[in-house]
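Reading through the C-alpha cells given below for one structure.
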Amino acid sequence: MTCVLQISDPHFGTEQPHVMRALLQLAREQQPEVILLTGDITQRARRSQFAAAARFVSQLPAPVLAVPGNHDIPLFNLGARALNPYGNYKRAFGNNLEPEYESDGLLVLCLNTSRPSRHKDGEVNRTQIARVAERLSRARPDQLRMIMQHHPVRAREQADLSNLLIGHEQAVPTWVDAGLDLLIGGHIHLPYVWPLHGHQGESGRRGWTAQAGTALSTRVRAGIPNSVNLIVHHCDQGAHDCRVERWDYIAEQDLFLPAHINTLVISRPG
Ligand SMILES: [Fe+2]
C-alpha cells in the first residue's frame with residue numbers, strides 16, 4: 001500500500017499557523033511515503049517566505065518533492081524576475097526544478113510549468129512533453145505513474161478555462177497513451193478529480209487529474225475550505241486499487257478530516 005500526500009498552494013506569507021499545525025498532525029498520522037508540493041509555495045517568492053516554507057517542510061515526516069508555481073517567481077522585483085527568477089526557490093528547495101521519485105509502487109515525474117516570461121499562465125513545451133512521455137513508457141506495470149505540476153489541465157468551471165496549462169492539448173493525450181495514471185496540480189484553489197483521455201478520446205485509454213485546494217493560505221476560493229489530497233494506491237498481481245481522498249480543514253474541530261473519496265479505475269496500455 002502506497003500513501004502519498006499532495007499539498008498545494010500554501011502561499012507562505014499568507015499561511016495560517018493553526019492550519020499548519022493541523023496539517024502536520026495529519027501528515028504524522030497518515031505517514032505518507034512521499035509528500036508532493038505542487039507549487040505556489042510562497043505568496044511573492046521572497047527569501048523570508050521560502051525560509052518559512054522550508055521550516056515547515058523540515059517538520060514533515062517524509063521526503064518532499066516540489067515544483068514551482070507562478071507565485072514562486074518574483075512579481076515586482078523585475079531584476080530578479082529577469083536574471084535569477086528561481087534564486088530564492090532554489091535556495092530553499094534545491095537546484096533541480098524537475099526532480100523524480102521512484103519506488104516499487106510509485107513513479108512521480110515533476111514538471112516546471114511556471115514561466116518568468118508570463119504573468120500567471122503556465123506552459124509545457126515539446127521537450128518536456130517528450131521527456132515525460134519517454135519516462136512514463138519505461139515505468140514498471142505495478143507502479144502508479146504520476147505527473148506533478150502546478151497548472152490545471154482540465155477545467156471544471158467555465159471561469160477556469162483561461163487558467164489551463166498552455167500546451168495541454170498536445171501533452172495530455174500523449175502522456176495518457178504513454179501510461180500516465182494520475183496528473184496532480186493546483187493553481188485555482190479548487191479541488192476536483194476528472195478523467196483524462198488519450199488520442200483516441202473516450203474509446204481509448206483513460207488517465208486522471210486531481211486538483212488540490214490551497215492547503216494553508218487565507219486565499220481560499222469562496223466557500224471552499226483549505227484542503228489537501230491523500231492518494232492511496234495498491235497493486236496486487238496486476239490489479240490496481242487507487243483512490244484520491246480529499247481532506248478538508250474543519251475550523252470547528254481544528255483538524256483536517258476526510259471530505260470526499262474518488263475511486264480511480266487504473267488500466268495499463270494494451
Ligand atoms: Fe495559488
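Following the order of the C-alpha cells, chains are lettered A, B, ..., residues in each are numbered from 1, and ligands are numbered from 1.
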Would you list the residues that come within 6 Å of ligand 1? Count only C-alpha atoms and all ligand atoms and give the answer as a VMD selection string. chain A and resid 9 40 187
Just-selected residues, C-alpha atoms written as a PDB file, in the first residue's frame:
```
ATOM      1  CA  ASP A   9      -0.664  26.396  -2.982  1.00  0.00           C
ATOM      2  CA  ASP A  40       2.692  28.416  -5.231  1.00  0.00           C
ATOM      3  CA  HIS A 187      -3.245  26.960  -9.074  1.00  0.00           C
TER       4      HIS A 187
END
```
Could you find all residues in range 137-211 of chain A that DSSP calls helix (DSSP H, G or I) from the backbone, and write them as an MDAnalysis selection string? chainID A and resid 137 158:163 168:178
Near-Arg126 in chain A list (10 Å; only C-alpha atoms; drop same-chain fewer than 2 positions) as a list of chain:residue names: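 Counting only C-alpha atoms, the residues come to A:Val124, A:Gln128, A:Ile129, A:Ala130, A:Arg131, A:Gly167, A:Gln170, A:Ala171.
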7 Å contact set for His197 in chain A, only C-alpha atoms, chain neighbours under 4 positions out, as JSON, numbers by chain: {"A": [173, 176, 201, 202, 204, 205, 206, 207]}
Written selection (N, CA and C atoms) as a compact mmCIF listing (two decimals), in the first residue's frame:
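Contents of result.txt, as written:
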```txt
# COMPACT_ATOMS: atom_id res chain seq x y z
N PRO A 173 -2.96 13.97 -24.05
CA PRO A 173 -3.19 12.70 -24.76
C PRO A 173 -1.89 11.90 -24.96
N VAL A 176 -1.19 10.27 -21.55
CA VAL A 176 -2.13 9.18 -21.21
C VAL A 176 -1.79 7.95 -22.04
N GLY A 201 -9.56 9.44 -27.56
CA GLY A 201 -10.72 10.00 -26.86
C GLY A 201 -11.37 9.00 -25.92
N GLU A 202 -12.71 9.07 -25.84
CA GLU A 202 -13.47 8.25 -24.89
C GLU A 202 -13.25 6.75 -25.10
N GLY A 204 -10.49 5.27 -25.95
CA GLY A 204 -9.11 4.84 -25.69
C GLY A 204 -8.81 4.74 -24.21
N ARG A 205 -7.53 4.77 -23.91
CA ARG A 205 -7.09 4.64 -22.52
C ARG A 205 -7.48 5.89 -21.72
N ARG A 206 -7.70 5.69 -20.43
CA ARG A 206 -8.10 6.79 -19.55
C ARG A 206 -7.06 7.00 -18.46
N GLY A 207 -6.77 8.26 -18.18
CA GLY A 207 -5.99 8.62 -17.00
C GLY A 207 -6.84 9.55 -16.15
```
